[in-house]
Amino acid sequence: MSGNSFLPRKLHSLLGVIPLGLFFIEHALTNYSAFEGGKEGFQDSVSGLHDLPLIFFLELFMIWLPILFHGIYGLYLAFTSNLNVGRFNYGRNWAFALQRITGVFTFIFVIWHIWQTRVQVALGNTTNEEIGQHMHDIVTQPGFFILYFVAVLAATFHFANGVWAFLVSWGITIGPRAQKVSSRICMGIFVIVAVLFILSLFAFRSDEFASASAAIDSLSPAMLG
Amino acid sequence: MAETATATATAKRTVKFIITRRATPDSEPYTEEFDIPYRPNMNVISALMEIQRNPVKADGAKTTPVVWESNCLEEVCGACSMVINGKPRQACSALIDNLEQPVRIAPMTTFPVVRDLVVNRQRMFNALKRVKAWIPIDGTYDLGPGPRMAESKRQWAYELSKCMTCGVCLEACPNVNDRSSFIGPAPISQVRLFNAHPTGEMNAHERLDALMTDGGIEGCGNSQNCVRSCPKGIPLTTSIAAINKDTTKHMFKKWLGM
């Protein structure tokens, strides 16, 4: 890559936390409302979000464009890294390798996930009101449940470890002690957010979210491709 | 009696070496095995000297002596860096008694291999020039004495000055490779050293600017292998994070025209 890579790399790091990290937390909390408040609670959270003013621009600037930049530049970064955990079997080197592996995996998953949910809403195959049932139909299929389970762990690790790296890359945590404390806090964030997502995955599997809607049943085979 | 028995046992004992060699920079690497007579307190350099004296492989066939570089033999010059049992380190401080056997020796392939264990570390010296890792004191007249340096600051800066440009941190870094232009950990720590000096500080922005160009500090991916590998125990990751802070501040100051 020619020219100056300092600014794109800095932007990549920033976008991962603001807005993508904030959106990721919001996503975890919204999903968790399915566990805490059941179908109704989840529906309230979803409609609350979709009632936000300028929702199209919020989505465009807070989600779509940042994901595109962070994802595509991240693929380039992963490509320029060697994985040498075999020779240097250290914890932080593992985190470095996993950050790249989970990043690539999460980006591919997110593209699929957006296709399976947001794009289907845009195409009119489901609606924001039916998204709970839609998720029920997805995660009650064992293959998809495992995919979502693994992807949630990968995305959450990438987020939590990314916050740790952000703090180093912006010169906030400098000494070894500061970096050790922040790595413990970030692993705590990993556990909490992962639990939120996993509980909501199980909540979506419950019968409460089941739907008699024939329209969604007819959609599922098509989405399995 | 007992002494003779020990001497005989010592004389018969050999240490197996598996060495990755290469005849020319472009030729394919190959390995050769050697059985070197054990001597107490021997290190990798003395084993290589033994091969130089008697270049015979483990299978009895004659071969060319293995080529390597070394100078100080006390781990301060950085010339004899090589990969010993998978880890980059100095051959002079690699005592055979502390190594798992057979001892596997290979060149640091992050650098261009010249021959056998000799590598070209020119990129490290180019990096020092690029970040201006010196203190400019030349003038057309006597500039007089510089500002004093606090003793507490001098003490931690001295730790950074132990860098011997040996290349071990670049070899350990997963982001220093053919697909990346990352300058590596050592020169970033040198920027911190020279920016900490009261006179060097006057040109701090030039060194930060150099690290904010392509292949500069942004290439660090925080694997932290460098700090685990540095033979001089230099706090490389602390230096990188400190320079991350300085370059970030420098970026905002430039944007705001401060």
# chains A, B, ... in the order shown; residues from 1 in each chain; ligands from 1
>>> interface_residues(of="chain A", to="chain B", cutoff="8 Å", atoms="only C-alpha atoms", output="ChimeraX atom specification")
/A:2-6,9-10,79-84,87-88,90,92-97,165,168-176
>>> write_last_selection(atoms="N, CA and C atoms", output="mmCIF file, in the first residue's frame")
data_model
loop_
_atom_site.group_PDB
_atom_site.id
_atom_site.type_symbol
_atom_site.label_atom_id
_atom_site.label_comp_id
_atom_site.auth_asym_id
_atom_site.auth_seq_id
_atom_site.Cartn_x
_atom_site.Cartn_y
_atom_site.Cartn_z
ATOM 1 N N SER A 2 0.686 2.104 -0.970
ATOM 2 C CA SER A 2 1.536 3.286 -1.077
ATOM 3 C C SER A 2 0.963 4.417 -0.235
ATOM 4 N N GLY A 3 1.729 5.473 -0.093
ATOM 5 C CA GLY A 3 1.255 6.632 0.653
ATOM 6 C C GLY A 3 1.378 6.417 2.141
ATOM 7 N N ASN A 4 0.569 7.129 2.893
ATOM 8 C CA ASN A 4 0.685 7.108 4.341
ATOM 9 C C ASN A 4 -0.344 6.165 4.942
ATOM 10 N N SER A 5 0.150 5.130 5.633
ATOM 11 C CA SER A 5 -0.773 4.176 6.236
ATOM 12 C C SER A 5 -1.077 4.527 7.694
ATOM 13 N N PHE A 6 -0.483 5.622 8.196
ATOM 14 C CA PHE A 6 -0.699 5.980 9.603
ATOM 15 C C PHE A 6 -2.162 6.342 9.863
ATOM 16 N N ARG A 9 -4.747 3.439 9.498
ATOM 17 C CA ARG A 9 -4.599 2.491 10.608
ATOM 18 C C ARG A 9 -5.211 3.056 11.886
ATOM 19 N N LYS A 10 -5.020 4.354 12.092
ATOM 20 C CA LYS A 10 -5.588 5.043 13.259
ATOM 21 C C LYS A 10 -7.117 5.032 13.151
ATOM 22 N N PHE A 79 -3.817 -9.897 6.323
ATOM 23 C CA PHE A 79 -2.970 -10.427 5.256
ATOM 24 C C PHE A 79 -1.503 -10.061 5.470
ATOM 25 N N THR A 80 -1.235 -8.892 6.054
ATOM 26 C CA THR A 80 0.163 -8.472 6.225
ATOM 27 C C THR A 80 0.786 -9.020 7.512
ATOM 28 N N SER A 81 0.064 -9.833 8.267
ATOM 29 C CA SER A 81 0.610 -10.385 9.514
ATOM 30 C C SER A 81 0.974 -11.850 9.345
ATOM 31 N N ASN A 82 2.086 -12.237 9.965
ATOM 32 C CA ASN A 82 2.399 -13.666 10.086
ATOM 33 C C ASN A 82 1.815 -14.167 11.396
ATOM 34 N N LEU A 83 1.440 -15.432 11.445
ATOM 35 C CA LEU A 83 1.046 -16.022 12.719
ATOM 36 C C LEU A 83 2.204 -16.911 13.160
ATOM 37 N N ASN A 84 2.848 -16.563 14.296
ATOM 38 C CA ASN A 84 4.014 -17.350 14.721
ATOM 39 C C ASN A 84 3.853 -17.857 16.157
ATOM 40 N N ARG A 87 6.246 -20.723 17.259
ATOM 41 C CA ARG A 87 7.592 -20.397 17.738
ATOM 42 C C ARG A 87 7.546 -19.551 19.000
ATOM 43 N N PHE A 88 6.544 -18.682 19.105
ATOM 44 C CA PHE A 88 6.463 -17.771 20.252
ATOM 45 C C PHE A 88 5.122 -17.999 20.945
ATOM 46 N N TYR A 90 3.275 -17.321 23.467
ATOM 47 C CA TYR A 90 3.004 -16.392 24.563
ATOM 48 C C TYR A 90 1.538 -15.951 24.500
ATOM 49 N N ARG A 92 0.020 -13.019 24.830
ATOM 50 C CA ARG A 92 -0.322 -11.848 24.016
ATOM 51 C C ARG A 92 -0.165 -12.163 22.534
ATOM 52 N N ASN A 93 0.775 -13.055 22.201
ATOM 53 C CA ASN A 93 0.926 -13.436 20.794
ATOM 54 C C ASN A 93 -0.288 -14.238 20.339
ATOM 55 N N TRP A 94 -0.833 -15.048 21.232
ATOM 56 C CA TRP A 94 -2.072 -15.767 20.914
ATOM 57 C C TRP A 94 -3.221 -14.787 20.695
ATOM 58 N N ALA A 95 -3.280 -13.763 21.559
ATOM 59 C CA ALA A 95 -4.335 -12.754 21.409
ATOM 60 C C ALA A 95 -4.179 -12.043 20.060
ATOM 61 N N PHE A 96 -2.918 -11.757 19.675
ATOM 62 C CA PHE A 96 -2.625 -11.131 18.382
ATOM 63 C C PHE A 96 -3.140 -12.011 17.237
ATOM 64 N N ALA A 97 -2.824 -13.312 17.308
ATOM 65 C CA ALA A 97 -3.248 -14.242 16.249
ATOM 66 C C ALA A 97 -4.772 -14.365 16.242
ATOM 67 N N ALA A 165 -6.290 -3.322 22.555
ATOM 68 C CA ALA A 165 -5.296 -2.839 21.582
ATOM 69 C C ALA A 165 -5.502 -1.358 21.273
ATOM 70 N N VAL A 168 -3.766 0.708 23.780
ATOM 71 C CA VAL A 168 -2.318 0.755 23.569
ATOM 72 C C VAL A 168 -1.999 1.655 22.365
ATOM 73 N N SER A 169 -2.727 1.442 21.270
ATOM 74 C CA SER A 169 -2.411 2.135 20.015
ATOM 75 C C SER A 169 -2.631 3.639 20.107
ATOM 76 N N TRP A 170 -3.510 4.060 21.020
ATOM 77 C CA TRP A 170 -3.728 5.497 21.172
ATOM 78 C C TRP A 170 -2.916 6.047 22.341
ATOM 79 N N GLY A 171 -2.060 5.216 22.909
ATOM 80 C CA GLY A 171 -1.152 5.690 23.953
ATOM 81 C C GLY A 171 -1.832 5.977 25.277
ATOM 82 N N ILE A 172 -2.907 5.256 25.580
ATOM 83 C CA ILE A 172 -3.601 5.474 26.855
ATOM 84 C C ILE A 172 -3.041 4.542 27.932
ATOM 85 N N THR A 173 -2.895 3.256 27.618
ATOM 86 C CA THR A 173 -2.228 2.332 28.542
ATOM 87 C C THR A 173 -0.794 2.144 28.047
ATOM 88 N N ILE A 174 0.170 2.612 28.822
ATOM 89 C CA ILE A 174 1.557 2.625 28.343
ATOM 90 C C ILE A 174 2.409 1.551 29.022
ATOM 91 N N GLY A 175 2.477 1.569 30.336
ATOM 92 C CA GLY A 175 3.347 0.634 31.043
ATOM 93 C C GLY A 175 2.751 -0.765 31.118
ATOM 94 N N PRO A 176 3.593 -1.756 31.471
ATOM 95 C CA PRO A 176 3.116 -3.142 31.548
ATOM 96 C C PRO A 176 1.984 -3.322 32.565
#
>>> residues_around(residues="B:Asn203", least_positions_apart="2", cutoff="10 Å", atoms="only C-alpha atoms", output="tab-separated table (two decimals) with N, CA and C atoms, in the first residue's frame")
chain	number	residue	atom	x	y	z
B	132	LYS	N	16.14	9.37	12.41
B	132	LYS	CA	17.14	10.31	12.92
B	132	LYS	C	17.51	9.99	14.36
B	134	TRP	N	19.81	10.12	16.39
B	134	TRP	CA	21.04	10.75	16.87
B	134	TRP	C	20.67	12.11	17.45
B	135	ILE	N	21.65	12.78	18.04
B	135	ILE	CA	21.39	14.11	18.59
B	135	ILE	C	22.21	15.11	17.80
B	136	PRO	N	21.58	16.00	17.04
B	136	PRO	CA	22.33	16.94	16.21
B	136	PRO	C	22.96	18.04	17.07
B	194	PHE	N	15.95	9.08	22.08
B	194	PHE	CA	16.52	10.36	21.66
B	194	PHE	C	15.56	11.52	21.89
B	195	ASN	N	14.24	11.22	21.92
B	195	ASN	CA	13.27	12.27	22.26
B	195	ASN	C	13.28	12.58	23.76
B	198	PRO	N	17.43	15.85	26.63
B	198	PRO	CA	17.07	17.28	26.62
B	198	PRO	C	17.46	18.01	25.33
B	199	THR	N	18.58	17.62	24.71
B	199	THR	CA	18.95	18.25	23.44
B	199	THR	C	18.25	17.57	22.27
B	200	GLY	N	18.16	16.24	22.34
B	200	GLY	CA	17.48	15.50	21.28
B	200	GLY	C	16.02	15.88	21.17
B	201	GLU	N	15.43	16.27	22.29
B	201	GLU	CA	14.03	16.66	22.35
B	201	GLU	C	13.71	17.82	21.40
B	205	HIS	N	9.89	16.35	16.96
B	205	HIS	CA	8.84	16.28	15.93
B	205	HIS	C	9.33	15.60	14.66
B	206	GLU	N	10.63	15.77	14.35
B	206	GLU	CA	11.15	15.14	13.12
B	206	GLU	C	11.10	13.62	13.24
B	207	ARG	N	11.44	13.12	14.44
B	207	ARG	CA	11.43	11.66	14.63
B	207	ARG	C	10.01	11.13	14.65
B	208	LEU	N	9.09	11.90	15.26
B	208	LEU	CA	7.69	11.46	15.28
B	208	LEU	C	7.12	11.47	13.86
>>> residues_around(residues="A:Arg205", least_positions_apart="3", cutoff="9 Å", atoms="only C-alpha atoms", output="list in words")
Met135, His136, Asp137, Ile138, Val139, Thr140, Phe145, Ser200, Leu201, Phe202, Glu208, Phe209 and Ala210 of chain A
>>> select_by_dssp(residues="stretch 9-189 of chain B", states="strand (DSSP E)", output="ChimeraX atom specification")
/B:14-21,30-37,81-84,87-90,103-106,113-115,118-119
>>> residues_around(residues="stretch 62-64 of chain B", least_positions_apart="3", cutoff="12 Å", atoms="only C-alpha atoms", output="list in words")
Arg21, Arg22, Ala23, Thr31, Glu32, Glu33, Phe34, Leu48, Ile51, Gln52, Arg53, Asn54, Pro55, Val56, Lys57, Ala58, Asp59, Val67, Arg115 and Asp116 of chain B
>>> closest_residue(among="A:Pro8, A:Phe24, A:His70, A:Thr127", to="A:Phe190", atoms="only C-alpha atoms")
A:Phe24
>>> residues_around(residues="A:Leu22", least_positions_apart="4", cutoff="12 Å", atoms="only C-alpha atoms", output="PDB file with C-alpha atoms, in the first residue's frame")
ATOM      1  CA  LEU A  14     -11.002   4.267  16.222  1.00  0.00           C
ATOM      2  CA  LEU A  15     -13.919   2.938  14.162  1.00  0.00           C
ATOM      3  CA  GLY A  16     -13.618  -0.438  15.900  1.00  0.00           C
ATOM      4  CA  VAL A  17     -14.524   1.221  19.201  1.00  0.00           C
ATOM      5  CA  ILE A  18     -16.555   4.230  18.052  1.00  0.00           C
ATOM      6  CA  GLU A  26     -26.206  -1.906  21.950  1.00  0.00           C
ATOM      7  CA  HIS A  27     -26.807  -5.053  19.869  1.00  0.00           C
ATOM      8  CA  ALA A  28     -25.950  -7.259  22.859  1.00  0.00           C
ATOM      9  CA  LEU A  29     -28.303  -5.345  25.137  1.00  0.00           C
ATOM     10  CA  MET A  62     -22.777   4.388  12.448  1.00  0.00           C
ATOM     11  CA  ILE A  63     -22.928   0.876  11.007  1.00  0.00           C
ATOM     12  CA  PRO A  66     -17.648   1.871   9.460  1.00  0.00           C
ATOM     13  CA  PHE A 159     -14.296  -6.536  20.307  1.00  0.00           C
ATOM     14  CA  ALA A 160     -12.880  -6.995  23.825  1.00  0.00           C
ATOM     15  CA  VAL A 163     -10.527  -2.363  23.046  1.00  0.00           C
ATOM     16  CA  VAL A 193     -20.937  -9.533  26.545  1.00  0.00           C
TER      17      VAL A 193
END
>>> closest_residue(among="A:Phe105, A:Val181, A:Ile131, A:Gly124", to="A:Tyr148", atoms="only C-alpha atoms")
A:Phe105
>>> residues_around(residues="B:Ile84", least_positions_apart="3", cutoff="8 Å", atoms="only C-alpha atoms", output="PyMOL selection string")
chain B and resi 87-89+91+103-106
>>> write_last_selection(atoms="C-alpha atoms", output="PDB file, in the first residue's frame")
ATOM      1  CA  LYS B  87      14.222 -18.652  19.304  1.00  0.00           C
ATOM      2  CA  PRO B  88      16.273 -15.734  17.973  1.00  0.00           C
ATOM      3  CA  ARG B  89      19.146 -14.911  20.343  1.00  0.00           C
ATOM      4  CA  ALA B  91      25.074 -17.368  19.856  1.00  0.00           C
ATOM      5  CA  VAL B 103      20.855 -27.983  19.072  1.00  0.00           C
ATOM      6  CA  ARG B 104      19.082 -26.596  16.016  1.00  0.00           C
ATOM      7  CA  ILE B 105      20.666 -23.485  14.500  1.00  0.00           C
ATOM      8  CA  ALA B 106      19.264 -21.417  11.648  1.00  0.00           C
TER       9      ALA B 106
END
>>> select_by_dssp(residues="chain A", states="alpha helix (DSSP H)", output="ChimeraX atom specification")
/A:6-17,20-36,38-50,55-59,65-79,91-116,118-123,131-139,142-169,176-205,214-224
>>> atom_distance(atom1="atom CA of B:Trp68", atom2="atom CA of B:Leu117")
4.9 Å
>>> decode(residues="stretch 114-126 of chain B", atoms="C-alpha atoms", output="PDB file, in the first residue's frame")
ATOM      1  CA  VAL B 114      24.082 -13.774   2.928  1.00  0.00           C
ATOM      2  CA  ARG B 115      25.460 -17.249   3.591  1.00  0.00           C
ATOM      3  CA  ASP B 116      24.803 -19.963   6.201  1.00  0.00           C
ATOM      4  CA  LEU B 117      24.170 -18.047   9.458  1.00  0.00           C
ATOM      5  CA  VAL B 118      25.236 -14.607   8.201  1.00  0.00           C
ATOM      6  CA  VAL B 119      22.384 -12.174   7.615  1.00  0.00           C
ATOM      7  CA  ASN B 120      22.313  -8.606   6.334  1.00  0.00           C
ATOM      8  CA  ARG B 121      20.881  -6.293   9.019  1.00  0.00           C
ATOM      9  CA  GLN B 122      21.164  -3.192   6.834  1.00  0.00           C
ATOM     10  CA  ARG B 123      17.425  -2.464   7.162  1.00  0.00           C
ATOM     11  CA  MET B 124      17.922  -1.795  10.876  1.00  0.00           C
ATOM     12  CA  PHE B 125      20.646   0.791  10.245  1.00  0.00           C
ATOM     13  CA  ASN B 126      18.527   2.345   7.487  1.00  0.00           C
TER      14      ASN B 126
END
